[in-house]
Each structure stands twice: as C-alpha cells, then as structure tokens.
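Student: Input file: final_12.pdb. Contents: PDB, C-alpha atoms.
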MODEL        1
ATOM      1  CA  MET A 261     -84.027-127.261  14.417
ATOM      2  CA  ALA A 262     -87.567-125.985  14.869
ATOM      3  CA  ASN A 263     -89.240-123.281  16.948
ATOM      4  CA  ILE A 264     -92.470-124.426  18.615
ATOM      5  CA  LEU A 265     -95.381-122.344  19.936
ATOM      6  CA  ILE A 266     -97.337-124.066  22.729
ATOM      7  CA  VAL A 267    -100.786-122.584  23.405
ATOM      8  CA  ASP A 268    -102.387-123.955  26.595
ATOM      9  CA  ASP A 269    -103.988-122.276  29.604
ATOM     10  CA  SER A 270    -102.190-124.675  31.967
ATOM     11  CA  SER A 271     -98.592-123.666  32.693
ATOM     12  CA  THR A 272     -98.036-127.223  33.967
ATOM     13  CA  MET A 273     -99.137-128.660  30.649
ATOM     14  CA  ARG A 274     -96.944-126.219  28.698
ATOM     15  CA  LYS A 275     -93.942-127.405  30.729
ATOM     16  CA  ILE A 276     -94.854-131.080  30.256
ATOM     17  CA  ILE A 277     -95.271-130.659  26.495
ATOM     18  CA  SER A 278     -91.981-128.762  26.234
ATOM     19  CA  ARG A 279     -90.146-131.466  28.217
ATOM     20  CA  SER A 280     -91.836-134.291  26.302
ATOM     21  CA  LEU A 281     -90.825-132.801  22.936
ATOM     22  CA  ARG A 282     -87.174-133.059  23.977
ATOM     23  CA  GLN A 283     -87.672-136.515  25.547
ATOM     24  CA  ALA A 284     -89.137-137.629  22.222
ATOM     25  CA  GLY A 285     -85.890-136.585  20.534
ATOM     26  CA  LEU A 286     -87.620-134.039  18.296
ATOM     27  CA  PRO A 287     -85.382-131.308  16.832
ATOM     28  CA  VAL A 288     -86.591-128.454  19.034
ATOM     29  CA  ASP A 289     -84.793-125.124  19.224
ATOM     30  CA  GLU A 290     -86.878-122.390  20.877
ATOM     31  CA  VAL A 291     -90.215-122.973  22.636
ATOM     32  CA  PHE A 292     -92.625-120.044  22.907
ATOM     33  CA  GLU A 293     -95.576-120.240  25.324
ATOM     34  CA  ALA A 294     -99.033-118.678  25.269
ATOM     35  CA  GLY A 295    -101.870-119.041  27.796
ATOM     36  CA  ASP A 296    -104.765-118.737  25.339
ATOM     37  CA  GLY A 297    -105.541-118.089  21.679
ATOM     38  CA  ILE A 298    -105.164-114.323  21.977
ATOM     39  CA  GLU A 299    -101.684-114.655  23.482
ATOM     40  CA  GLY A 300    -100.866-117.149  20.741
ATOM     41  CA  LEU A 301    -101.867-114.660  18.061
ATOM     42  CA  ASN A 302     -99.701-112.036  19.784
ATOM     43  CA  VAL A 303     -96.661-114.337  19.618
ATOM     44  CA  LEU A 304     -97.243-114.883  15.891
ATOM     45  CA  ALA A 305     -97.791-111.143  15.318
ATOM     46  CA  SER A 306     -94.511-110.338  17.088
ATOM     47  CA  GLY A 307     -92.632-111.685  14.098
ATOM     48  CA  LYS A 308     -91.028-114.663  15.858
ATOM     49  CA  THR A 309     -90.306-117.563  13.516
ATOM     50  CA  VAL A 310     -92.587-120.482  14.426
ATOM     51  CA  HIS A 311     -92.350-123.828  12.618
ATOM     52  CA  LEU A 312     -95.098-125.704  14.499
ATOM     53  CA  ILE A 313     -97.979-124.751  16.790
ATOM     54  CA  LEU A 314     -99.331-127.114  19.470
ATOM     55  CA  SER A 315    -102.658-125.865  20.805
ATOM     56  CA  ASP A 316    -105.158-126.887  23.463
ATOM     57  CA  ILE A 317    -108.873-126.527  22.594
ATOM     58  CA  ASN A 318    -110.643-125.779  25.885
ATOM     59  CA  MET A 319    -109.167-122.399  26.934
ATOM     60  CA  PRO A 320    -110.566-119.114  28.287
ATOM     61  CA  ASN A 321    -110.671-115.864  26.256
ATOM     62  CA  MET A 322    -110.064-117.505  22.856
ATOM     63  CA  ASP A 323    -110.351-121.285  22.548
ATOM     64  CA  GLY A 324    -108.291-123.482  20.241
ATOM     65  CA  LEU A 325    -110.974-123.786  17.557
ATOM     66  CA  GLU A 326    -111.227-120.003  17.178
ATOM     67  CA  PHE A 327    -107.443-119.667  17.372
ATOM     68  CA  VAL A 328    -106.904-122.064  14.454
ATOM     69  CA  LYS A 329    -109.573-120.332  12.387
ATOM     70  CA  THR A 330    -107.992-116.925  13.033
ATOM     71  CA  VAL A 331    -104.449-118.098  12.248
ATOM     72  CA  ARG A 332    -105.613-119.537   8.936
ATOM     73  CA  GLY A 333    -107.716-116.428   8.270
ATOM     74  CA  ASN A 334    -104.503-114.416   8.590
ATOM     75  CA  GLY A 335    -102.983-116.533   5.814
ATOM     76  CA  ASN A 336    -100.537-118.355   8.101
ATOM     77  CA  THR A 337     -99.931-121.942   6.919
ATOM     78  CA  VAL A 338     -97.715-123.178   9.783
ATOM     79  CA  PRO A 339     -98.760-126.705  10.899
ATOM     80  CA  ILE A 340    -101.096-126.637  13.931
ATOM     81  CA  VAL A 341    -101.597-129.789  16.003
ATOM     82  CA  MET A 342    -104.293-129.811  18.673
ATOM     83  CA  ILE A 343    -103.185-131.355  22.002
ATOM     84  CA  THR A 344    -106.316-131.706  24.048
ATOM     85  CA  THR A 345    -108.438-133.671  26.479
ATOM     86  CA  GLU A 346    -111.259-133.008  24.005
ATOM     87  CA  GLY A 347    -110.824-136.267  22.096
ATOM     88  CA  GLY A 348    -114.350-136.385  20.646
ATOM     89  CA  GLU A 349    -114.431-136.972  16.913
ATOM     90  CA  GLU A 350    -116.853-134.103  16.212
ATOM     91  CA  ILE A 351    -114.640-131.537  17.953
ATOM     92  CA  ILE A 352    -111.531-132.855  16.215
ATOM     93  CA  LYS A 353    -113.402-132.764  12.904
ATOM     94  CA  GLU A 354    -114.265-129.115  13.573
ATOM     95  CA  ALA A 355    -110.625-128.321  14.416
ATOM     96  CA  LEU A 356    -109.434-130.016  11.214
ATOM     97  CA  GLY A 357    -112.140-128.175   9.263
ATOM     98  CA  ASN A 358    -110.822-124.897  10.681
ATOM     99  CA  GLY A 359    -107.349-125.739   9.399
ATOM    100  CA  ALA A 360    -105.648-127.847  12.079
ATOM    101  CA  SER A 361    -103.182-130.417  10.740
ATOM    102  CA  ASP A 362    -103.685-133.201  13.289
ATOM    103  CA  SER A 363    -104.588-133.906  16.920
ATOM    104  CA  ILE A 364    -103.078-135.612  19.966
ATOM    105  CA  LYS A 365    -105.147-136.623  22.978
ATOM    106  CA  LYS A 366    -104.056-135.843  26.545
ATOM    107  CA  PRO A 367    -102.723-137.781  28.358
ATOM    108  CA  PHE A 368     -99.956-138.640  25.897
ATOM    109  CA  THR A 369     -96.509-140.229  25.932
ATOM    110  CA  PRO A 370     -93.314-138.857  24.339
ATOM    111  CA  ASP A 371     -93.528-141.757  21.846
ATOM    112  CA  GLN A 372     -96.963-140.560  20.718
ATOM    113  CA  LEU A 373     -95.558-137.050  20.210
ATOM    114  CA  GLN A 374     -92.711-138.495  18.154
ATOM    115  CA  GLU A 375     -95.150-140.484  16.036
ATOM    116  CA  LYS A 376     -97.471-137.523  15.359
ATOM    117  CA  LEU A 377     -94.939-134.698  15.093
ATOM    118  CA  GLY A 378     -91.853-136.377  13.662
ATOM    119  CA  GLY A 379     -93.061-135.914  10.098
ATOM    120  CA  LEU A 380     -93.912-132.245  10.626
ATOM    121  CA  LEU A 381     -90.467-131.132  11.854
TER     122      LEU A 381
ATOM    123  CA  MET B 136    -122.927-136.649  16.858
ATOM    124  CA  SER B 137    -123.277-140.079  18.430
ATOM    125  CA  LEU B 138    -123.433-141.342  21.951
ATOM    126  CA  ASN B 139    -121.478-144.362  23.037
ATOM    127  CA  SER B 140    -124.124-147.027  22.343
ATOM    128  CA  GLU B 141    -123.596-148.753  25.691
ATOM    129  CA  ILE B 142    -124.058-145.488  27.532
ATOM    130  CA  ALA B 143    -126.989-144.322  25.437
ATOM    131  CA  ALA B 144    -128.811-147.564  26.137
ATOM    132  CA  SER B 145    -128.568-147.270  29.909
ATOM    133  CA  LYS B 146    -129.966-144.261  31.710
ATOM    134  CA  ILE B 147    -128.617-145.433  35.044
ATOM    135  CA  PHE B 148    -125.020-146.513  35.481
ATOM    136  CA  THR B 149    -124.043-149.318  37.764
ATOM    137  CA  GLU B 150    -121.540-148.503  40.450
ATOM    138  CA  GLU B 151    -119.165-151.002  38.823
ATOM    139  CA  GLN B 152    -119.355-149.189  35.467
ATOM    140  CA  LEU B 153    -118.655-145.790  36.999
ATOM    141  CA  ALA B 154    -115.864-147.221  39.154
ATOM    142  CA  LYS B 155    -114.219-148.765  36.085
ATOM    143  CA  TYR B 156    -114.364-145.492  34.118
ATOM    144  CA  ILE B 157    -112.815-143.597  37.028
ATOM    145  CA  ILE B 158    -110.054-146.146  37.658
ATOM    146  CA  ASP B 159    -109.159-146.449  33.955
ATOM    147  CA  ALA B 160    -109.026-142.679  33.415
ATOM    148  CA  THR B 161    -107.053-142.049  36.611
ATOM    149  CA  GLN B 162    -104.491-144.781  36.006
ATOM    150  CA  GLU B 163    -103.949-143.595  32.414
ATOM    151  CA  VAL B 164    -103.317-140.013  33.540
ATOM    152  CA  PHE B 165    -100.981-141.021  36.369
ATOM    153  CA  SER B 166     -98.952-143.542  34.362
ATOM    154  CA  THR B 167     -98.453-141.367  31.262
ATOM    155  CA  MET B 168     -98.263-137.775  32.557
ATOM    156  CA  ILE B 169     -97.117-138.102  36.167
ATOM    157  CA  MET B 170     -94.954-141.223  35.994
ATOM    158  CA  MET B 171     -96.575-142.672  39.132
ATOM    159  CA  ASP B 172     -98.573-145.863  39.545
ATOM    160  CA  ALA B 173    -101.898-145.284  41.285
ATOM    161  CA  SER B 174    -103.808-148.367  42.405
ATOM    162  CA  GLY B 175    -107.581-148.044  42.649
ATOM    163  CA  ASP B 176    -109.728-149.819  45.218
ATOM    164  CA  TYR B 177    -113.432-150.547  45.684
ATOM    165  CA  PRO B 178    -115.749-147.509  45.855
ATOM    166  CA  LEU B 179    -116.296-145.950  49.272
ATOM    167  CA  ARG B 180    -119.639-146.773  50.887
ATOM    168  CA  GLU B 181    -120.210-143.138  51.866
ATOM    169  CA  PRO B 182    -118.935-140.063  50.023
ATOM    170  CA  VAL B 183    -116.289-138.016  51.821
ATOM    171  CA  ASN B 184    -116.994-134.298  51.907
ATOM    172  CA  ARG B 185    -114.681-132.934  54.608
ATOM    173  CA  PHE B 186    -110.981-132.532  53.905
ATOM    174  CA  LYS B 187    -108.037-131.408  56.013
ATOM    175  CA  CYS B 188    -104.738-130.000  54.687
ATOM    176  CA  SER B 189    -105.844-131.012  51.222
ATOM    177  CA  ILE B 190    -106.350-129.724  47.699
ATOM    178  CA  THR B 191    -109.316-130.468  45.439
ATOM    179  CA  GLY B 192    -109.438-130.111  41.650
ATOM    180  CA  MET B 193    -112.835-130.212  39.942
ATOM    181  CA  VAL B 194    -114.153-130.124  36.379
ATOM    182  CA  GLY B 195    -117.849-129.906  35.653
ATOM    183  CA  PHE B 196    -119.563-131.207  32.574
ATOM    184  CA  ALA B 197    -122.925-130.313  31.115
ATOM    185  CA  GLY B 198    -125.098-131.403  28.197
ATOM    186  CA  THR B 199    -126.521-134.865  27.611
ATOM    187  CA  TYR B 200    -124.924-135.708  30.950
ATOM    188  CA  SER B 201    -124.158-133.300  33.755
ATOM    189  CA  GLY B 202    -121.963-133.730  36.799
ATOM    190  CA  VAL B 203    -118.558-133.142  38.305
ATOM    191  CA  ILE B 204    -115.358-135.150  38.419
ATOM    192  CA  SER B 205    -113.047-134.273  41.279
ATOM    193  CA  ILE B 206    -109.700-135.281  42.725
ATOM    194  CA  HIS B 207    -109.095-134.778  46.452
ATOM    195  CA  CYS B 208    -105.520-135.071  47.601
ATOM    196  CA  PRO B 209    -103.528-134.333  50.766
ATOM    197  CA  VAL B 210    -101.204-131.392  50.133
ATOM    198  CA  SER B 211     -98.176-133.561  50.980
ATOM    199  CA  LEU B 212     -99.048-135.975  48.148
ATOM    200  CA  ALA B 213    -100.045-133.141  45.797
ATOM    201  CA  LEU B 214     -96.535-131.718  46.193
ATOM    202  CA  LYS B 215     -95.008-135.073  45.191
ATOM    203  CA  ILE B 216     -97.367-135.333  42.211
ATOM    204  CA  THR B 217     -96.585-131.795  41.059
ATOM    205  CA  SER B 218     -92.836-132.371  41.450
ATOM    206  CA  SER B 219     -93.081-135.497  39.313
ATOM    207  CA  MET B 220     -95.250-133.786  36.671
ATOM    208  CA  LEU B 221     -92.956-130.796  36.343
ATOM    209  CA  GLY B 222     -89.677-132.649  36.789
ATOM    210  CA  MET B 223     -88.614-130.181  39.492
ATOM    211  CA  GLU B 224     -88.876-129.973  43.255
ATOM    212  CA  CYS B 225     -92.103-128.393  44.460
ATOM    213  CA  ASP B 226     -92.245-128.008  48.253
ATOM    214  CA  GLU B 227     -94.918-125.396  48.976
ATOM    215  CA  VAL B 228     -98.474-124.541  47.974
ATOM    216  CA  SER B 229     -98.081-122.397  44.890
ATOM    217  CA  GLU B 230     -99.608-121.543  41.538
ATOM    218  CA  ASP B 231     -97.780-124.577  40.093
ATOM    219  CA  LEU B 232     -99.514-126.862  42.596
ATOM    220  CA  ASN B 233    -102.969-125.448  41.838
ATOM    221  CA  ASP B 234    -102.350-125.600  38.096
ATOM    222  CA  ALA B 235    -101.106-129.209  38.227
ATOM    223  CA  ILE B 236    -104.093-130.467  40.242
ATOM    224  CA  GLY B 237    -106.458-128.517  37.984
ATOM    225  CA  GLU B 238    -104.883-130.050  34.894
ATOM    226  CA  ILE B 239    -105.205-133.563  36.357
ATOM    227  CA  ALA B 240    -108.913-132.884  36.953
ATOM    228  CA  ASN B 241    -109.154-131.609  33.365
ATOM    229  CA  MET B 242    -107.613-134.795  31.946
ATOM    230  CA  LEU B 243    -109.858-136.968  34.144
ATOM    231  CA  GLY B 244    -112.828-134.986  32.827
ATOM    232  CA  GLY B 245    -111.655-135.625  29.277
ATOM    233  CA  GLY B 246    -111.385-139.344  29.979
ATOM    234  CA  VAL B 247    -114.900-139.568  31.383
ATOM    235  CA  LYS B 248    -116.275-137.407  28.584
ATOM    236  CA  GLN B 249    -114.877-139.821  26.031
ATOM    237  CA  VAL B 250    -116.941-142.577  27.610
ATOM    238  CA  LEU B 251    -120.121-140.503  27.771
ATOM    239  CA  SER B 252    -119.907-139.009  24.304
ATOM    240  CA  LYS B 253    -118.126-140.330  21.254
ATOM    241  CA  GLY B 254    -118.851-137.219  19.211
ATOM    242  CA  GLY B 255    -117.708-134.738  21.789
ATOM    243  CA  LEU B 256    -120.170-131.923  21.112
ATOM    244  CA  ASP B 257    -123.064-133.100  23.300
ATOM    245  CA  VAL B 258    -121.110-132.866  26.574
ATOM    246  CA  LYS B 259    -119.144-129.707  27.444
ATOM    247  CA  LEU B 260    -116.324-129.543  29.992
ATOM    248  CA  SER B 261    -115.801-126.560  32.259
ATOM    249  CA  ILE B 262    -112.482-124.867  32.983
ATOM    250  CA  PRO B 263    -110.983-126.566  36.107
ATOM    251  CA  THR B 264    -111.598-125.184  39.604
ATOM    252  CA  VAL B 265    -109.131-125.777  42.450
ATOM    253  CA  ILE B 266    -109.713-125.242  46.150
ATOM    254  CA  SER B 267    -107.371-125.940  49.055
ATOM    255  CA  GLY B 268    -107.205-125.316  52.769
ATOM    256  CA  GLU B 269    -106.597-126.665  56.240
ATOM    257  CA  ASP B 270    -110.240-127.690  56.762
ATOM    258  CA  TYR B 271    -113.001-127.460  54.152
ATOM    259  CA  THR B 272    -116.065-129.290  52.886
ATOM    260  CA  VAL B 273    -117.269-130.024  49.347
ATOM    261  CA  ASN B 274    -120.966-130.819  48.983
ATOM    262  CA  SER B 275    -123.117-131.830  46.034
ATOM    263  CA  LEU B 276    -126.548-130.277  46.465
ATOM    264  CA  SER B 277    -128.267-132.763  44.216
ATOM    265  CA  ASP B 278    -129.208-136.362  44.835
ATOM    266  CA  ILE B 279    -127.517-137.899  41.810
ATOM    267  CA  ASP B 280    -125.292-140.892  41.170
ATOM    268  CA  CYS B 281    -122.014-140.465  43.042
ATOM    269  CA  VAL B 282    -119.022-142.780  43.160
ATOM    270  CA  VAL B 283    -115.809-142.115  45.094
ATOM    271  CA  ILE B 284    -112.764-144.300  44.472
ATOM    272  CA  PRO B 285    -109.824-144.382  46.888
ATOM    273  CA  PHE B 286    -106.392-144.627  45.250
ATOM    274  CA  LYS B 287    -102.977-145.405  46.696
ATOM    275  CA  ILE B 288     -99.522-144.333  45.602
ATOM    276  CA  ASP B 289     -97.088-146.186  47.875
ATOM    277  CA  ASP B 290     -98.336-145.186  51.358
ATOM    278  CA  ASP B 291    -100.184-142.053  50.228
ATOM    279  CA  LYS B 292    -103.898-141.977  49.495
ATOM    280  CA  PHE B 293    -106.145-139.758  47.398
ATOM    281  CA  LEU B 294    -109.752-139.838  46.182
ATOM    282  CA  VAL B 295    -111.376-139.393  42.786
ATOM    283  CA  GLY B 296    -115.121-138.770  42.777
ATOM    284  CA  LEU B 297    -117.698-138.622  40.003
ATOM    285  CA  THR B 298    -121.240-137.327  40.249
ATOM    286  CA  LEU B 299    -123.320-137.980  37.183
ATOM    287  CA  LYS B 300    -126.830-137.327  35.953
ATOM    288  CA  LYS B 301    -128.361-138.051  32.553
ATOM    289  CA  GLU B 302    -130.405-135.099  31.411
ATOM    290  CA  ASP B 303    -133.839-135.810  29.931
TER     291      ASP B 303
ENDMDL
END
Before anything else, please render the file you have as structure tokens.

Tutor:
Amino acid sequence: MANILIVDDSSTMRKIISRSLRQAGLPVDEVFEAGDGIEGLNVLASGKTVHLILSDINMPNMDGLEFVKTVRGNGNTVPIVMITTEGGEEIIKEALGNGASDSIKKPFTPDQLQEKLGGLL
Amino acid sequence: MSLNSEIAASKIFTEEQLAKYIIDATQEVFSTMIMMDASGDYPLREPVNRFKCSITGMVGFAGTYSGVISIHCPVSLALKITSSMLGMECDEVSEDLNDAIGEIANMLGGGVKQVLSKGGLDVKLSIPTVISGEDYTVNSLSDIDCVVIPFKIDDDKFLVGLTLKKED
C-alpha cells in the first residue's frame, strides 16, 4: 500500500483525485494534501513517508514547476506526476525537464489514473 | 512553441468555431469530473450580464490570445454540481461551492487554452475568480468576440461564456 501526496490549490480537486485513486483500485493507504508547492515541501520535510506525489502546475505561492525542481534539488527521487489543466506540450516538457515522471490532463477518468499510475505503485 | 495551425491561420473566429470549443470543453468536464450530462444549445443572440441567486466562476487568459471564460450557474444547480463532484451532500453556499465552481472554470480554461495554443507557453491562465450573490452584473469593458452558450442538465440551465481577442 502506498502513501500519496496531492498538491493542488483546489480542495475540490484534491478530494476528487483522492476518491478517483480508490475508484481506480490503486493500492492507496494514506493521502496527504497540500494547497501549493510550499505546503507540499512542508509535508515532505515533516518526515512522512510518501511513495508518489501528484501535483497541479498552476498554483499560487509556489507553482508545480518550481515545486518539482525544488523536490529534486533536495535529492528526493519519489515519482512526481503532474495532474493539470495545463496540457500544453511545452509546459509538460518543462515539468519533465525539472524532474517530473509523467503527466495527466484534467479532466480525467479513474481509468486514466489507473493507466498512468498503476506502474508507479 | 507552436500555435494550432487552424487557429494561427484565422485571426477572427466564427461563432460556430467558438461555440464548438465551448460545448466540447464543457461536456468533457461535466461527463468526466462531475458525472452529469450537460447538453449545449445554440449561442445566445445577446450576452447575459445580470444574474440573480447565482454563482459565476471565471478564468482569464493572456498572451497570444486574451479573454475570459466564465460559467454562470444558479446557486440551486451549483449545489447539485458540487454535491456530485465531491460525492457528498452540499446544501448551502460554502467554500466548497466556490472552490468547485472555480475549478470547473479552471478546467474549461484549460480546454480552451489547448485549442488556442498547442505549446502551452504562449497563453497563460489566471487563478480562478468566483463571485456570487442575489443580484449582480458581470460586464466586459471591451468590444471583443463574445459567445455565450446555454446548457441544460435535466430541467436546470447554466451558461458558459467566452470572450476572446487575438493580440497583435
């Protein structure tokens, strides 16, 4: 079973992602939530065990691109998948260049989560 | 960075093109994230700018194209939408309601952005803005292309509007 960190400024979206992970039949144990990149870094710094990070890109305070870069800069190799409305190939390329593992475009279905995340958990 | 070739070639959109982008993006969001079927109709002849007992979610975009995409929804329908999105009963105006409508606007903005820009860096989306009230008006102060599509979910109606301008 895996612990997941969801980083998204929308509490609605965090709840939908959390519910969809379970609907997709993924082996989820604990779900931690963060409202932006800074809160995400705080969760990681707290020492909680996180097996997968799902992060939005367009967020206030610290966006997803900066968050990924900082996580990797700290030497953390946990898989990070961007879940975002920002489906443009240049932005996704930048996220992957910063160290993201993959991306999923909103809106998504539980089946798409299963397809993208099944191999990472 | 590359523009969608069809879009790059035409500086002025037809009403049919804009209507199709709005209907496609809205139906995708509602069918996948809200589990509701929203049927789109022909564009309104005149934009609606006064709303009663409603909630409006808006996302602006700027860059090669600028404009705003907005969803205007009676509070009674917004509560049903939020309940369906969250999988829990939502029966009053709350932070959950504002957040849900804002996130719908955000996903609609993402859908339209994908049409306008294939690369994604030449058009930037804003953070969503949500307003609600018993009686309010929303006005665009610029004379730019504007299309408003009425949607129906069972007997409930809501509007999705798009204003769009290609920057020189």

Student: At a cut-off of 10 Å, which residues of chain A touch chain B? Count only C-alpha atoms and give the answer as a count of residues only.

Tutor: 31

Student: Work out how far apart atom CA of Gly324 of chain A and atom CA of Lys300 of chain B are and give it in Å to one decimal.

Tutor: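 It comes out at 28.0 Å.
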
Student: Just to confirm, what's the straight-line distance from atom CA of Ser219 of chain B to atom CA of Met170 of chain B in Å (one decimal)?

Tutor: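 Atom CA of Met170 of chain B lies 6.9 Å from atom CA of Ser219 of chain B.
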
Student: I need the output of the PyMOL selection byres ((chain A and resi 335-341) around 8) for this file as a short mmCIF file (atom, residue, chain, number, x, y, z; two decimals) with C-alpha atoms, in the frame of the given file; which residues are they?

Tutor:
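File produced: result-v1.cif:
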data_model
loop_
_atom_site.label_atom_id
_atom_site.label_comp_id
_atom_site.auth_asym_id
_atom_site.auth_seq_id
_atom_site.Cartn_x
_atom_site.Cartn_y
_atom_site.Cartn_z
CA VAL A 310 -92.59 -120.48 14.43
CA HIS A 311 -92.35 -123.83 12.62
CA LEU A 312 -95.10 -125.70 14.50
CA ILE A 313 -97.98 -124.75 16.79
CA LEU A 314 -99.33 -127.11 19.47
CA SER A 315 -102.66 -125.86 20.80
CA VAL A 328 -106.90 -122.06 14.45
CA VAL A 331 -104.45 -118.10 12.25
CA ARG A 332 -105.61 -119.54 8.94
CA GLY A 333 -107.72 -116.43 8.27
CA ASN A 334 -104.50 -114.42 8.59
CA MET A 342 -104.29 -129.81 18.67
CA ILE A 343 -103.18 -131.35 22.00
CA GLY A 359 -107.35 -125.74 9.40
CA ALA A 360 -105.65 -127.85 12.08
CA SER A 361 -103.18 -130.42 10.74
CA ASP A 362 -103.68 -133.20 13.29
CA SER A 363 -104.59 -133.91 16.92
CA ILE A 364 -103.08 -135.61 19.97
CA LEU A 380 -93.91 -132.24 10.63
#

Student: Between atom CA of Leu356 of chain A and atom CA of Phe196 of chain B, what distance in Å does the model show, to one decimal?

Tutor: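 Taking atom CA of Leu356 of chain A and atom CA of Phe196 of chain B, their separation equals 23.7 Å.
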
Student: Which residues are close to Arg282 of chain A, i.e. within 12 Å by all atoms listed in the file, leaving aside same-chain residues fewer than 2 positions away? Reply as a PyMOL selection string.

Tutor: chain A and resi 261-262+264+275-280+284-291+369-371+373-374+377-378

Student: Could you list, as a list of chain:residue names, every residue within 7 Å of segment 202-216 of chain B, counting all atoms listed in the file and ignoring same-chain residues fewer than 5 positions away?

Tutor: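 Using all atoms listed in the file, the neighbours found are B:Ile169, B:Cys188, B:Ser189, B:Ile190, B:Thr191, B:Gly192, B:Met193, B:Val194, B:Gly195, B:Phe196, B:Ala197, B:Cys225, B:Asp226, B:Leu232, B:Ala240, B:Gly244, B:Asp291, B:Phe293, B:Leu294, B:Val295, B:Gly296, B:Leu297, B:Thr298, B:Leu299, B:Lys300.
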
Student: Report the residues retrieved by the PyMOL selection byres ((chain B and resi 176) around 7) from the displayed file, expressed as a list in words.

Tutor: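 So the PyMOL selection byres ((chain B and resi 176) around 7) ends up selecting Ser174, Gly175, Tyr177, Pro178, Ile284, Pro285 and Phe286 of chain B.
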
Student: Would you kindly return, as an MDAnalysis selection string, each protein, DNA or RNA residue with an atom no farther than 8 Å from any atom of Asn321 of chain A, considering all atoms listed in the file and excluding same-chain residues fewer than 5 positions away?

Tutor: chainID A and resid 296:298

Student: Hey, can I get the axis-aligned box for segment 246-264 of chain B? All listed atoms, 8 Å padding on each side, centre and edge lengths in Å to one decimal, as JSON.

Tutor:
{"center_x": -117.0, "center_y": -133.7, "center_z": 29.4, "size_x": 28.1, "size_y": 33.7, "size_z": 36.4}

Student: Could you give me, as a list in words, the residues within 10 Å of Asn274 of chain B, counting all atoms listed in the file and dropping anything in the same chain fewer than 4 positions from it?

Tutor: Pro182, Val183, Asn184 and Arg185 of chain B

Student: Counting only C-alpha atoms, which of A:Asp268, A:Glu375, A:Glu293, A:Asp323 gets nearest to Lys308 of chain A?

Tutor: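 Ranking A:Asp268, A:Glu375, A:Glu293, A:Asp323 by distance to Lys308 of chain A, first place goes to A:Glu293.
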
Student: With distances taken over all atoms listed in the file, which residue among B:Tyr271, B:Val283, B:Asp289, B:Glu302 lies nearest Glu151 of chain B?

Tutor: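 Checking each of B:Tyr271, B:Val283, B:Asp289, B:Glu302 against Glu151 of chain B, counting all atoms listed in the file, the winner is B:Val283.
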